[in-house]
Structure formats: structure tokens, C-alpha cells
$ cat query-v4.txt   # compact mmCIF, C-alpha atoms
# COMPACT_ATOMS: atom_id res chain seq x y z
CA MET M 149 159.04 -70.82 -72.19
CA SER M 150 159.68 -73.64 -74.68
CA ASN M 151 163.15 -75.02 -75.34
CA LYS M 152 162.94 -73.63 -78.87
CA SER M 153 162.18 -70.15 -77.56
CA LYS M 154 165.04 -70.40 -75.07
CA GLN M 155 167.37 -71.45 -77.88
CA TRP M 156 166.42 -68.53 -80.08
CA GLY M 157 166.83 -66.19 -77.13
CA ALA M 158 170.38 -67.50 -76.62
CA ILE M 159 171.10 -67.19 -80.36
CA ILE M 160 170.00 -63.55 -80.38
CA ILE M 161 172.16 -62.81 -77.33
CA MET M 162 175.22 -64.42 -78.94
CA ILE M 163 174.71 -62.50 -82.20
CA ALA M 164 174.36 -59.26 -80.20
CA LEU M 165 177.64 -60.05 -78.44
CA PHE M 166 179.20 -60.67 -81.85
CA ALA M 167 178.21 -57.13 -82.86
CA MET M 168 179.51 -55.66 -79.60
CA ILE M 169 182.92 -57.23 -80.19
CA ALA M 170 183.26 -55.31 -83.46
CA PHE M 171 181.97 -52.05 -81.99
CA VAL M 172 184.49 -51.94 -79.14
CA THR M 173 187.41 -53.41 -81.11
CA ASN M 174 187.02 -50.92 -83.95
CA LEU M 175 187.01 -47.95 -81.60
CA CYS M 176 190.81 -48.29 -81.51
CA SER M 177 191.52 -47.20 -85.10
CA PRO M 178 189.50 -43.92 -85.02
CA MET M 179 190.89 -43.28 -81.53
CA ALA M 180 194.36 -43.26 -83.13
CA VAL M 181 193.47 -39.90 -84.71
CA ILE M 182 192.78 -38.55 -81.22
CA VAL M 183 195.95 -40.09 -79.79
CA LYS M 184 198.09 -38.45 -82.48
CA ASN M 185 196.60 -35.03 -81.81
CA GLN M 186 196.18 -35.03 -78.03
CA PHE M 187 199.37 -36.85 -77.11
CA GLY M 188 201.58 -35.86 -80.06
CA ALA M 189 202.15 -39.51 -80.94
CA SER M 190 203.83 -40.85 -84.08
CA ASN M 191 202.05 -43.23 -86.45
CA LEU M 192 203.66 -46.14 -84.61
CA GLU M 193 202.64 -44.83 -81.18
CA ALA M 194 199.15 -43.76 -82.27
CA GLN M 195 198.10 -47.38 -82.71
CA ILE M 196 198.78 -48.06 -79.03
CA GLY M 197 195.10 -48.89 -78.50
CA ASN M 198 195.23 -51.60 -81.15
CA TYR M 199 198.45 -52.97 -79.67
CA GLY M 200 196.99 -53.20 -76.17
CA ASN M 201 193.70 -54.63 -77.42
CA PHE M 202 195.19 -57.39 -79.53
CA ILE M 203 198.20 -58.30 -77.39
CA ALA M 204 195.59 -59.11 -74.73
CA TYR M 205 194.45 -61.95 -77.00
CA LEU M 206 197.90 -63.51 -76.76
CA LEU M 207 197.70 -63.52 -72.98
CA MET M 208 194.02 -64.36 -72.59
CA GLY M 209 193.32 -66.88 -75.38
CA ILE M 210 194.13 -70.09 -73.51
CA PRO M 211 192.90 -68.81 -70.09
CA SER M 212 189.53 -67.97 -71.71
CA GLY M 213 189.12 -71.59 -72.74
CA MET M 214 190.03 -72.70 -69.24
CA LEU M 215 187.41 -70.33 -67.76
CA ILE M 216 184.74 -71.83 -70.02
CA LYS M 217 185.77 -75.33 -68.98
CA LYS M 218 185.50 -74.45 -65.30
CA PHE M 219 182.54 -72.03 -65.19
CA GLY M 220 180.69 -72.52 -68.47
CA TYR M 221 179.82 -70.14 -71.31
CA LYS M 222 177.26 -67.96 -69.51
CA LYS M 223 179.41 -67.14 -66.48
CA THR M 224 182.44 -66.51 -68.68
CA ALA M 225 180.38 -64.08 -70.81
CA LEU M 226 179.20 -62.25 -67.67
CA LEU M 227 182.77 -61.97 -66.40
CA ALA M 228 183.87 -60.69 -69.81
CA LEU M 229 181.21 -57.96 -69.73
CA ILE M 230 182.35 -56.82 -66.28
CA VAL M 231 185.91 -56.62 -67.60
CA GLY M 232 184.64 -54.69 -70.63
CA ILE M 233 182.80 -52.13 -68.51
CA ILE M 234 185.99 -51.54 -66.52
CA GLY M 235 188.02 -51.16 -69.73
CA ILE M 236 185.61 -48.58 -71.20
CA PHE M 237 185.61 -46.62 -67.92
CA VAL M 238 189.41 -46.53 -67.80
CA GLN M 239 189.60 -45.29 -71.41
CA TRP M 240 187.11 -42.56 -70.55
CA MET M 241 189.25 -41.59 -67.55
CA SER M 242 192.16 -40.82 -69.91
CA GLY M 243 190.18 -37.75 -71.04
CA TRP M 244 189.84 -36.31 -67.53
CA GLU M 245 191.75 -33.10 -66.86
CA SER M 246 193.07 -34.59 -63.63
CA MET M 247 194.65 -37.39 -65.67
CA GLU M 248 196.43 -35.05 -68.07
CA ASN M 249 199.96 -36.09 -67.06
CA ALA M 250 199.20 -39.81 -67.20
CA ALA M 251 196.49 -39.77 -69.89
CA PHE M 252 198.49 -41.74 -72.46
CA ALA M 253 199.28 -44.55 -70.00
CA VAL M 254 195.70 -44.63 -68.71
CA TYR M 255 194.36 -44.95 -72.26
CA LEU M 256 196.71 -47.85 -72.94
CA VAL M 257 195.61 -49.66 -69.77
CA GLY M 258 191.97 -49.20 -70.76
CA ALA M 259 192.58 -50.61 -74.24
CA PHE M 260 194.47 -53.56 -72.75
CA ILE M 261 191.61 -54.36 -70.36
CA GLY M 262 189.18 -54.04 -73.27
CA GLY M 263 191.25 -56.59 -75.17
CA PHE M 264 190.78 -59.13 -72.37
CA CYS M 265 187.03 -58.62 -72.67
CA MET M 266 187.00 -59.03 -76.46
CA CYS M 267 189.07 -62.21 -76.29
CA MET M 268 186.78 -63.75 -73.68
CA LEU M 269 183.65 -62.83 -75.65
CA ASN M 270 185.11 -64.21 -78.88
CA THR M 271 185.94 -67.47 -77.14
CA VAL M 272 182.33 -67.71 -75.95
CA VAL M 273 180.43 -66.53 -79.02
CA ASN M 274 181.94 -68.58 -81.84
CA PRO M 275 181.56 -72.06 -80.30
CA MET M 276 178.18 -71.20 -78.73
CA LEU M 277 176.67 -70.20 -82.08
CA ASN M 278 177.98 -73.41 -83.57
CA ILE M 279 176.56 -75.46 -80.67
CA LEU M 280 173.18 -73.68 -80.76
CA GLY M 281 172.96 -74.38 -84.48
CA GLY M 282 173.70 -78.05 -83.94
CA GLY M 283 177.05 -77.87 -85.69
CA GLY M 284 177.56 -78.55 -89.37
CA ASN M 285 176.01 -76.26 -91.97
CA LYS M 286 173.48 -74.75 -89.56
CA GLY M 287 176.16 -73.91 -87.02
CA ASN M 288 178.28 -72.32 -89.74
CA GLN M 289 175.24 -70.39 -90.96
CA LEU M 290 174.67 -68.87 -87.51
CA ILE M 291 178.32 -67.84 -87.32
CA GLN M 292 178.01 -66.18 -90.74
CA ILE M 293 174.87 -64.32 -89.57
CA GLY M 294 176.80 -63.21 -86.49
CA GLY M 295 179.57 -62.04 -88.83
CA VAL M 296 177.09 -59.87 -90.74
CA PHE M 297 176.07 -58.09 -87.53
CA ASN M 298 179.74 -57.89 -86.57
CA SER M 299 180.50 -56.04 -89.81
CA ALA M 300 177.46 -53.80 -89.42
CA ALA M 301 178.67 -52.71 -85.97
CA ALA M 302 182.12 -51.95 -87.42
CA VAL M 303 180.50 -49.74 -90.07
CA ALA M 304 178.52 -47.93 -87.36
CA VAL M 305 181.50 -47.19 -85.14
CA TYR M 306 183.55 -45.61 -87.95
CA ILE M 307 180.62 -43.40 -88.93
CA LEU M 308 179.95 -42.44 -85.32
CA MET M 309 183.59 -41.72 -84.47
CA GLY M 310 184.06 -39.72 -87.66
CA ALA M 311 181.12 -37.53 -86.68
CA LEU M 312 182.39 -37.10 -83.11
CA ILE M 313 186.01 -36.31 -84.03
CA GLY M 314 185.20 -33.75 -86.74
CA ASP M 315 188.43 -31.74 -87.03
CA ALA M 316 191.31 -34.20 -86.56
CA ALA M 317 193.69 -31.37 -85.61
CA LYS M 318 191.58 -30.57 -82.54
CA ALA M 319 190.48 -34.07 -81.53
CA THR M 320 190.69 -35.16 -77.88
CA VAL M 321 189.52 -38.18 -75.90
CA THR M 322 186.62 -36.07 -74.62
CA ASP M 323 185.24 -35.99 -78.16
CA ALA M 324 184.87 -39.78 -78.05
CA THR M 325 182.91 -39.76 -74.78
CA PRO M 326 179.50 -40.44 -76.41
CA ALA M 327 180.89 -43.52 -78.21
CA LEU M 328 182.48 -44.80 -75.00
CA PHE M 329 179.22 -44.27 -73.12
CA ILE M 330 177.31 -46.14 -75.83
CA ALA M 331 179.73 -49.07 -75.58
CA GLY M 332 179.55 -49.07 -71.78
CA GLY M 333 175.75 -48.85 -71.84
CA ILE M 334 175.50 -51.79 -74.24
CA PHE M 335 177.76 -53.83 -71.96
CA ILE M 336 175.58 -53.07 -68.94
CA ILE M 337 172.35 -53.95 -70.77
CA ALA M 338 173.89 -57.16 -72.13
CA PHE M 339 175.05 -58.13 -68.63
CA ILE M 340 171.53 -57.72 -67.23
CA VAL M 341 169.92 -59.61 -70.12
CA ILE M 342 172.38 -62.52 -69.96
CA LEU M 343 172.21 -62.66 -66.15
CA PHE M 344 168.46 -63.28 -66.23
CA SER M 345 168.46 -65.45 -69.36
CA LYS M 346 168.32 -69.21 -69.33
CA ILE M 347 171.08 -70.37 -71.66
CA GLU M 348 171.32 -74.10 -72.12
CA GLU M 349 174.91 -75.01 -72.77
CA PRO M 350 176.82 -78.26 -72.98
CA ALA M 351 178.23 -79.65 -69.76
CA GLN M 352 181.97 -79.29 -69.50
CA PRO M 353 183.73 -82.65 -69.27
CA ALA M 354 185.56 -83.44 -66.06
CA ALA M 355 189.28 -83.96 -66.30
CA VAL M 356 190.13 -87.63 -66.51
CA LYS M 357 193.53 -89.00 -65.64
CA LYS M 358 194.73 -91.76 -67.90
CA ASP M 359 197.45 -94.26 -67.25
CA GLY M 360 199.86 -95.16 -69.97
CA PRO M 361 202.07 -93.22 -72.34
CA LYS M 362 201.23 -89.67 -73.23
CA ASP M 363 200.17 -88.80 -76.73
CA PRO M 364 203.38 -87.91 -78.60
CA HIS M 365 201.45 -85.71 -81.02
CA SER M 366 199.44 -82.51 -80.84
CA ALA M 367 197.89 -80.01 -83.25
CA PHE M 368 201.38 -78.59 -83.65
CA SER M 369 202.56 -81.88 -85.15
CA PHE M 370 200.74 -80.90 -88.36
CA ARG M 371 202.62 -78.70 -90.82
CA HIS M 372 199.46 -77.28 -92.40
CA PHE M 373 198.17 -76.22 -88.98
CA LYS M 374 201.38 -74.41 -88.02
CA LEU M 375 201.45 -72.63 -91.37
CA GLY M 376 197.73 -71.91 -90.92
CA ILE M 377 198.06 -70.07 -87.62
CA LEU M 378 200.78 -67.95 -89.22
CA ALA M 379 198.32 -67.19 -92.02
CA ILE M 380 195.73 -66.05 -89.43
CA PHE M 381 198.42 -63.96 -87.72
CA LEU M 382 199.18 -62.16 -91.00
CA TYR M 383 195.52 -61.97 -92.03
CA MET M 384 194.87 -59.70 -89.03
CA GLY M 385 197.39 -57.26 -90.47
CA ILE M 386 195.35 -57.02 -93.68
CA GLU M 387 191.92 -56.76 -92.08
CA VAL M 388 192.82 -54.00 -89.62
CA GLY M 389 195.87 -52.43 -91.28
CA VAL M 390 194.08 -51.49 -94.51
CA PRO M 391 191.29 -49.32 -93.01
CA THR M 392 193.51 -48.00 -90.21
CA TYR M 393 195.97 -46.37 -92.58
CA ILE M 394 193.30 -45.24 -95.01
CA LEU M 395 191.97 -43.24 -92.07
CA GLN M 396 195.43 -41.93 -91.17
CA TYR M 397 196.28 -41.01 -94.77
CA LEU M 398 193.05 -39.17 -95.51
CA THR M 399 192.98 -37.19 -92.23
CA SER M 400 196.70 -36.40 -91.84
CA ASP M 401 197.69 -32.81 -92.59
CA PRO M 402 199.57 -32.32 -95.89
CA THR M 403 202.38 -30.59 -93.97
CA ALA M 404 202.76 -33.35 -91.36
CA ALA M 405 205.89 -35.52 -91.09
CA THR M 406 203.86 -38.26 -92.76
CA PRO M 407 201.67 -36.17 -95.06
CA GLY M 408 198.12 -36.99 -96.03
CA LEU M 409 195.18 -35.30 -97.68
CA GLY M 410 193.93 -33.37 -94.65
CA MET M 411 190.30 -34.30 -95.15
CA ASP M 412 187.59 -33.74 -92.55
CA ALA M 413 187.46 -36.68 -90.13
CA THR M 414 183.65 -36.82 -90.27
CA ILE M 415 183.70 -37.43 -94.02
CA VAL M 416 186.65 -39.83 -93.75
CA GLY M 417 184.84 -41.87 -91.10
CA GLN M 418 181.92 -42.28 -93.48
CA ILE M 419 184.28 -43.30 -96.27
CA VAL M 420 186.26 -45.84 -94.21
CA ALA M 421 182.95 -47.33 -93.03
CA VAL M 422 182.46 -48.46 -96.64
CA TYR M 423 185.39 -50.88 -96.15
CA TRP M 424 183.48 -52.64 -93.37
CA PHE M 425 180.34 -52.52 -95.50
CA MET M 426 182.32 -54.38 -98.17
CA MET M 427 183.15 -57.02 -95.55
CA LEU M 428 179.46 -57.28 -94.74
CA ILE M 429 178.62 -57.87 -98.42
CA GLY M 430 181.46 -60.37 -98.73
CA ARG M 431 180.18 -62.37 -95.78
CA PHE M 432 176.71 -62.53 -97.31
CA VAL M 433 178.19 -63.82 -100.56
CA GLY M 434 180.63 -66.18 -98.84
CA GLY M 435 177.86 -67.71 -96.77
CA SER M 436 175.71 -68.29 -99.84
CA ILE M 437 178.38 -70.01 -101.95
CA GLY M 438 180.37 -71.66 -99.16
CA GLY M 439 178.62 -74.99 -99.67
CA LYS M 440 179.61 -75.12 -103.33
CA VAL M 441 183.09 -73.60 -103.39
CA SER M 442 185.99 -75.10 -101.42
CA SER M 443 187.91 -73.02 -98.91
CA ARG M 444 191.07 -73.48 -100.97
CA GLN M 445 189.43 -72.08 -104.11
CA MET M 446 187.82 -69.23 -102.19
CA ILE M 447 191.01 -68.14 -100.40
CA THR M 448 193.12 -68.47 -103.56
CA THR M 449 190.72 -66.16 -105.38
CA VAL M 450 190.46 -63.48 -102.68
CA ALA M 451 194.22 -63.58 -101.96
CA CYS M 452 194.99 -62.90 -105.63
CA LEU M 453 192.42 -60.12 -105.70
CA SER M 454 193.74 -58.52 -102.49
CA ILE M 455 197.30 -58.54 -103.87
CA ALA M 456 196.14 -56.90 -107.10
CA LEU M 457 194.07 -54.25 -105.28
CA THR M 458 196.89 -53.45 -102.84
CA ALA M 459 199.45 -53.05 -105.61
CA PHE M 460 197.10 -50.87 -107.63
CA GLY M 461 196.29 -48.73 -104.59
CA MET M 462 199.99 -48.16 -103.88
CA PHE M 463 201.05 -47.20 -107.39
CA ALA M 464 197.97 -45.58 -108.94
CA PRO M 465 198.63 -41.86 -109.66
CA ALA M 466 197.28 -39.63 -106.89
CA ASP M 467 195.60 -37.36 -109.42
CA TRP M 468 193.36 -40.22 -110.58
CA THR M 469 190.31 -39.60 -108.44
CA VAL M 470 186.92 -41.16 -107.93
CA ASN M 471 183.84 -40.22 -105.92
CA ILE M 472 183.15 -42.61 -103.04
CA PRO M 473 179.74 -42.76 -101.35
CA GLY M 474 179.07 -42.50 -97.65
CA VAL M 475 176.07 -41.94 -95.42
CA ASP M 476 175.54 -38.81 -93.33
CA TRP M 477 173.52 -40.43 -90.56
CA ALA M 478 172.91 -37.12 -88.82
CA ASN M 479 170.93 -35.86 -91.80
CA LEU M 480 170.01 -39.28 -93.24
CA SER M 481 171.54 -38.38 -96.59
CA MET M 482 174.09 -39.79 -99.01
CA ILE M 483 177.41 -37.98 -99.29
CA TRP M 484 180.05 -38.28 -101.99
CA ALA M 485 183.73 -37.57 -101.41
CA GLU M 486 186.49 -37.32 -104.02
CA VAL M 487 189.55 -39.43 -103.18
CA PRO M 488 192.41 -40.99 -105.17
CA VAL M 489 191.28 -44.10 -107.04
CA GLY M 490 193.94 -46.06 -105.12
CA ILE M 491 192.02 -45.46 -101.89
CA PHE M 492 188.93 -46.96 -103.50
CA ALA M 493 191.03 -50.03 -104.37
CA PHE M 494 192.05 -50.34 -100.71
CA ILE M 495 188.41 -50.13 -99.64
CA LEU M 496 187.49 -52.98 -102.02
CA ILE M 497 189.95 -55.22 -100.13
CA GLY M 498 187.14 -55.54 -97.57
CA LEU M 499 185.42 -57.92 -100.01
CA CYS M 500 188.49 -60.17 -99.76
CA THR M 501 189.09 -60.10 -96.02
CA SER M 502 185.42 -60.93 -95.35
CA VAL M 503 185.90 -64.66 -96.00
CA MET M 504 189.57 -65.11 -95.15
CA TRP M 505 189.20 -65.99 -91.46
CA GLY M 506 186.72 -68.80 -91.99
CA GLY M 507 188.49 -70.20 -95.05
CA ILE M 508 191.92 -70.26 -93.42
CA PHE M 509 190.47 -71.81 -90.27
CA ASN M 510 188.77 -74.60 -92.24
CA MET M 511 191.94 -75.46 -94.14
CA ALA M 512 194.15 -75.35 -91.06
CA VAL M 513 192.03 -77.73 -88.95
CA GLU M 514 191.23 -80.13 -91.78
CA GLY M 515 192.25 -83.65 -90.78
CA LEU M 516 193.10 -82.76 -87.16
CA GLY M 517 190.32 -84.89 -85.66
CA LYS M 518 190.73 -85.09 -81.89
CA TYR M 519 193.21 -82.19 -81.93
CA THR M 520 190.71 -79.68 -83.37
CA SER M 521 189.54 -78.19 -80.06
CA ILE M 522 193.08 -77.39 -78.94
CA ALA M 523 193.81 -76.00 -82.40
CA SER M 524 190.83 -73.63 -82.06
CA GLY M 525 192.25 -72.21 -78.84
CA ALA M 526 195.59 -71.59 -80.51
CA PHE M 527 193.82 -69.70 -83.29
CA MET M 528 192.38 -67.23 -80.82
CA THR M 529 195.84 -66.31 -79.53
CA MET M 530 196.94 -65.52 -83.08
CA VAL M 531 194.60 -62.52 -83.17
CA PHE M 532 197.46 -60.62 -81.52
CA GLY M 533 199.02 -60.58 -84.98
CA CYS M 534 197.00 -57.41 -85.50
CA ALA M 535 199.09 -55.61 -82.87
CA VAL M 536 202.35 -56.69 -84.48
CA MET M 537 201.42 -56.07 -88.12
CA VAL M 538 199.66 -52.73 -87.56
CA ALA M 539 202.69 -51.59 -85.55
CA LEU M 540 205.00 -52.74 -88.34
CA GLN M 541 202.96 -50.85 -90.91
CA GLY M 542 203.02 -47.72 -88.75
CA TRP M 543 206.80 -48.03 -88.35
CA VAL M 544 207.23 -48.32 -92.14
CA ALA M 545 205.00 -45.24 -92.62
CA ASP M 546 207.14 -43.27 -90.15
CA LEU M 547 210.39 -44.50 -91.69
CA ALA M 548 209.35 -43.76 -95.28
CA GLY M 549 207.32 -40.65 -94.45
CA ASN M 550 204.65 -42.10 -96.72
CA TYR M 551 201.44 -43.96 -95.87
CA LEU M 552 201.16 -45.66 -99.25
CA THR M 553 204.64 -47.17 -98.90
CA SER M 554 203.49 -48.83 -95.67
CA TYR M 555 201.12 -51.02 -97.72
CA TRP M 556 204.10 -53.19 -98.69
CA VAL M 557 203.33 -54.87 -95.34
CA VAL M 558 199.78 -55.63 -96.49
CA LEU M 559 201.09 -56.87 -99.84
CA GLY M 560 203.44 -59.31 -98.10
CA CYS M 561 200.63 -60.64 -95.91
CA GLY M 562 198.45 -61.25 -98.97
CA ALA M 563 201.28 -63.07 -100.75
CA TYR M 564 201.74 -65.45 -97.81
CA ILE M 565 198.02 -66.22 -97.64
CA LEU M 566 198.09 -67.06 -101.35
CA PHE M 567 201.04 -69.40 -100.71
CA TYR M 568 199.14 -71.02 -97.87
CA ALA M 569 196.04 -71.63 -99.99
CA LEU M 570 198.04 -73.14 -102.87
CA VAL M 571 200.73 -75.08 -101.00
CA GLY M 572 200.87 -74.73 -97.22
CA SER M 573 197.30 -75.84 -96.50
CA ARG M 574 197.82 -79.40 -97.74
CA ASN M 575 198.02 -82.00 -94.98
CA VAL M 576 201.32 -83.86 -95.31
CA ASN M 577 201.03 -85.56 -91.90
CA THR M 578 198.30 -88.07 -92.72
CA ASP M 579 200.24 -90.81 -90.92
CA ILE M 580 199.32 -89.34 -87.51
CA ASN M 581 196.36 -91.10 -85.88
CA VAL M 582 193.61 -88.55 -85.15
CA GLU M 583 190.73 -90.92 -84.44
CA GLU M 584 191.40 -92.41 -81.01
CA ALA M 585 189.94 -90.46 -78.09
CA GLU M 586 192.88 -89.54 -75.92
CA GLU M 587 192.49 -87.24 -72.98
CA ALA M 588 195.64 -85.19 -73.23
CA THR M 589 197.75 -83.54 -75.86
CA ALA M 590 201.17 -82.01 -75.60
CA LEU M 591 199.68 -78.54 -75.36
CA GLN M 592 197.23 -79.56 -72.64
CA ASP M 593 200.08 -81.09 -70.64
CA ALA M 594 201.99 -77.83 -70.97
CA LEU M 595 199.07 -75.99 -69.42
$ encode --input "query-v4.txt" --output "C-alpha cells"
Amino acid sequence: MSNKSKQWGAIIIMIALFAMIAFVTNLCSPMAVIVKNQFGASNLEAQIGNYGNFIAYLLMGIPSGMLIKKFGYKKTALLALIVGIIGIFVQWMSGWESMENAAFAVYLVGAFIGGFCMCMLNTVVNPMLNILGGGGNKGNQLIQIGGVFNSAAAVAVYILMGALIGDAAKATVTDATPALFIAGGIFIIAFIVILFSKIEEPAQPAAVKKDGPKDPHSAFSFRHFKLGILAIFLYMGIEVGVPTYILQYLTSDPTAATPGLGMDATIVGQIVAVYWFMMLIGRFVGGSIGGKVSSRQMITTVACLSIALTAFGMFAPADWTVNIPGVDWANLSMIWAEVPVGIFAFILIGLCTSVMWGGIFNMAVEGLGKYTSIASGAFMTMVFGCAVMVALQGWVADLAGNYLTSYWVVLGCGAYILFYALVGSRNVNTDINVEEAEEATALQDAL
């Protein structure tokens, strides 16, 4: 097999892993419908899967980088898949009758283990696609292509889970068994494929001790970087919080403590999938214009649009309705569902979130030079912001007894991202030398 063929084989594997990350991660939000029904959880407690999944990023972000440095990308990916298989199995166990008394705790453990897997895979996939593309525009292009498949998998999981759940009032973990088996099966197949694939990856540099004074600076010496990781932290609240509480609002019974519209979960799953389809479209567009439009301009535009859409969705009269399309994959037909026009505004936010991660990342690491690699590791830990912000939004929904009121959290996140694009992203620490190759940074010493 030629080197070119080997490279394309590795690229395809990495893109497939990118899709798997979205499939497993996005199981958590539809599973919240099951958690509320089977375990009698509140809106805050129902998102326990998301909390466990994303808090794992906080704990596993830096260790994932250390695993890659010691064992390489391929072995780290294989280890991640083993962890993922275990996590899926444990989540499935929470539906066993014998686990009835401890089902809630077992489900949480499974989601937490799954979070370790997703963090490890994310740490492998993003840099590997960039490396395989040779960096620069080509590397970025491969990451954007991976993002398209990532969004497509997110669309698929919402449609699939909506079909499996059906009646939200009767949903149990057992209903999700086919989706869990699909995820587990994909993990097993991916493990076998990667195990027998030849993936050429860069050699990891050996640690070198250096005499002399330690570098007094690190990535955290830059104001725009510190404000940037906060922007990523809050961005996760927008990306996941918006579709999560659309799902909760549309499926919740009108007589519940936090009332909703009581719609069929199958139809709602097909509707919420449109949000992720909007992200897919946005990533196509973002990738095509990214070479001509600066990250600052792009993020300023989408932040303004997300604020406007969120505000409109919160305050638009509920009796203003619009038909939203979805796809009934069982019958291969288009379906149309009538929902408040505000919900359609929330769904359109997917166009905005599609480009936020990449744009914020580019602005935050601009001018960091030798500190960029450590900065990238710190970014991965900030994914746990999803757990915090989704929990906060659920708490607000419980407190107010109103799902739409909870979107004040999303509005605040959008406002901060706009501030970051306009003001916080500017590098005011240009006096720090970022060119000399030094072996250690303050963060590395801390490790």
C-alpha cells in the first residue's frame, strides 16, 4: 500500500471517529427525557448524563495529552475505544431490572466513563486531522470536513432516539437499547479497524531537561487567551443548552411542574435534529468563506445573530406558530410539525454555533507562538463548561417553572462571546517573547 493510500485510510478513520464523538455525546440530551420519566428527576437532575460526560473533560483533558505524548495517537485512540465500550455497557446496565434500585447511579457512572472516552478521542482526532492535512489551510479543511460528519451524526442520533422513545411519559432506558448497541457496535468495529491499520504519526519528542531559569510566562500570561477559554466555556452552554431545552419544552406535559407542549417524542426528535442540520450547513458555509472573512468578523456576526434569535425565541407570542420540517426515516418521508415561531428561532441558532468553536479558538491562540500547544490542551478541559451551563439552565427552568425563561442563560453566554470578539480577543501582551524555543512552561512544570 502506498503512503498516499495509508494517509487517506488514516484520514477516513479520523473522520469516522469525529462522527462517533457526536453520536455518543448527543445521546445524553435525549436520554434526559428517559431519566425524567424513569427516575422522576427534575430538569436539573435529568441532565445528569451531560454533567457526567462533560465534567470528565475537566479531569481527562491534560491526561489525554500526556497519554498521546507517551503512547502516540493510535494507542491512545484504541484505549479510548475500550473505555467507550465499557461506558456504553454500563449505561445499558442501568436499564436492567436487577439494577432497579441503583439504576440512576449506574447511568451516571456510565455517562462519566463515556465522557473520558469522548475527551480522549477529541484529543486524538483534531490534531491528527491537522497533521494528516499538513497543517495550514489543508489541515483546517480536513477538520471542517470532520465537523460536517460530526454534525450529521448528531442529527442522526436525535432522529433515532426520538423514534425509540416515542411516548415520553412511558420512556425507560430499555427503549434506548438499540441506540446503545449501535454505539457499542461502532466502537468495536472502529477498534478492530484501527488496530490493524497502519497510521503514520509524528514521533513524540523526548523530554529534555534544560539548565537555567524557568520561563516566567505561559499561555495564561495572555489576557486574550484567558478570556478566550472562558468564551469556549460559555459557548458550550449555547451549543448544547439550546437543543436540550427545546427537547424538554416540546415533550414536557402541559400539567408538569415545568410545563411544555406535550408533543410526541418521535416528532420532537426529528424537529430538534434540524438544529444539528443547521450546524452542518453552517460548517459548510464557514469552511467556504473562512479564508476571506476574519475570525473576529465571523464571530461578531454570529454572536449578534444568536443574541437576536434567543431574545426573539423567548418573547415571541406562543400562539405565533410555524410548520417545521423533519424526516421520518422509518418511512423515508418528510414530516411537518407546528410549533411556536420562537422554537424555530432557537433552532436557527445552530447556524451561529457551527463556527463559534473554530473562530474563538483562532482568536484565543493568536500570537501565542511556542505556547500554542499548551493552550490547546487547556481548551479541551473547558468543554466541561457544558455540564455547568446546562445545569444552570435546568436550575433556572426549575426555579421559574418555565423553560423559555431559562434561555436568559443562553442570552448571557451570547453577550459574552460578542464582547470577546469585539474587545477581549485583542492581544495586549505583545511584549512577551513567544519565538524562542523553550522546553517548559509554567503549566508544564505544574504537571
$ closest_residue --input "query-v4.txt" --among "M:Ala526, M:Ala466, M:Tyr383, M:Phe339" --to "M:Ser212" --atoms "all atoms listed in the file"
M:Ala526
$ atom_distance --input "query-v4.txt" --atom1 "atom CA of M:Gly549" --atom2 "atom CA of M:Ala535"
20.6 Å
$ closest_residue --input "query-v4.txt" --among "M:Gly263, M:Gly235, M:Pro488, M:Gly542" --to "M:Thr529" --atoms "all atoms listed in the file"
M:Gly263
$ residues_around --input "query-v4.txt" --residues "stretch 429-438 of chain M" --least-positions-apart "2" --cutoff "8 Å" --atoms "only C-alpha atoms" --output "PyMOL selection string"
chain M and resi 289+292+295-296+425-427+440-443+498-500+502-503
$ residues_around --input "query-v4.txt" --residues "M:Tyr393" --least-positions-apart "5" --cutoff "9 Å" --atoms "all atoms listed in the file" --output "ChimeraX atom specification"
/M:177,388,398,538,541-542,551-552,554-555
$ closest_residue --input "query-v4.txt" --among "M:Val450, M:Ala304, M:Ile160, M:Val513" --to "M:Arg371" --atoms "only C-alpha atoms"
M:Val513
$ atom_distance --input "query-v4.txt" --atom1 "atom CA of M:Ala451" --atom2 "atom CA of M:Ile565"
6.3 Å
$ closest_residue --input "query-v4.txt" --among "M:Ser369, M:Ala404, M:Val420, M:Leu547" --to "M:Thr578" --atoms "all atoms listed in the file"
M:Ser369
$ closest_residue --input "query-v4.txt" --among "M:Val487, M:Leu227, M:Ala523, M:Ile377" --to "M:Met411" --atoms "only C-alpha atoms"
M:Val487
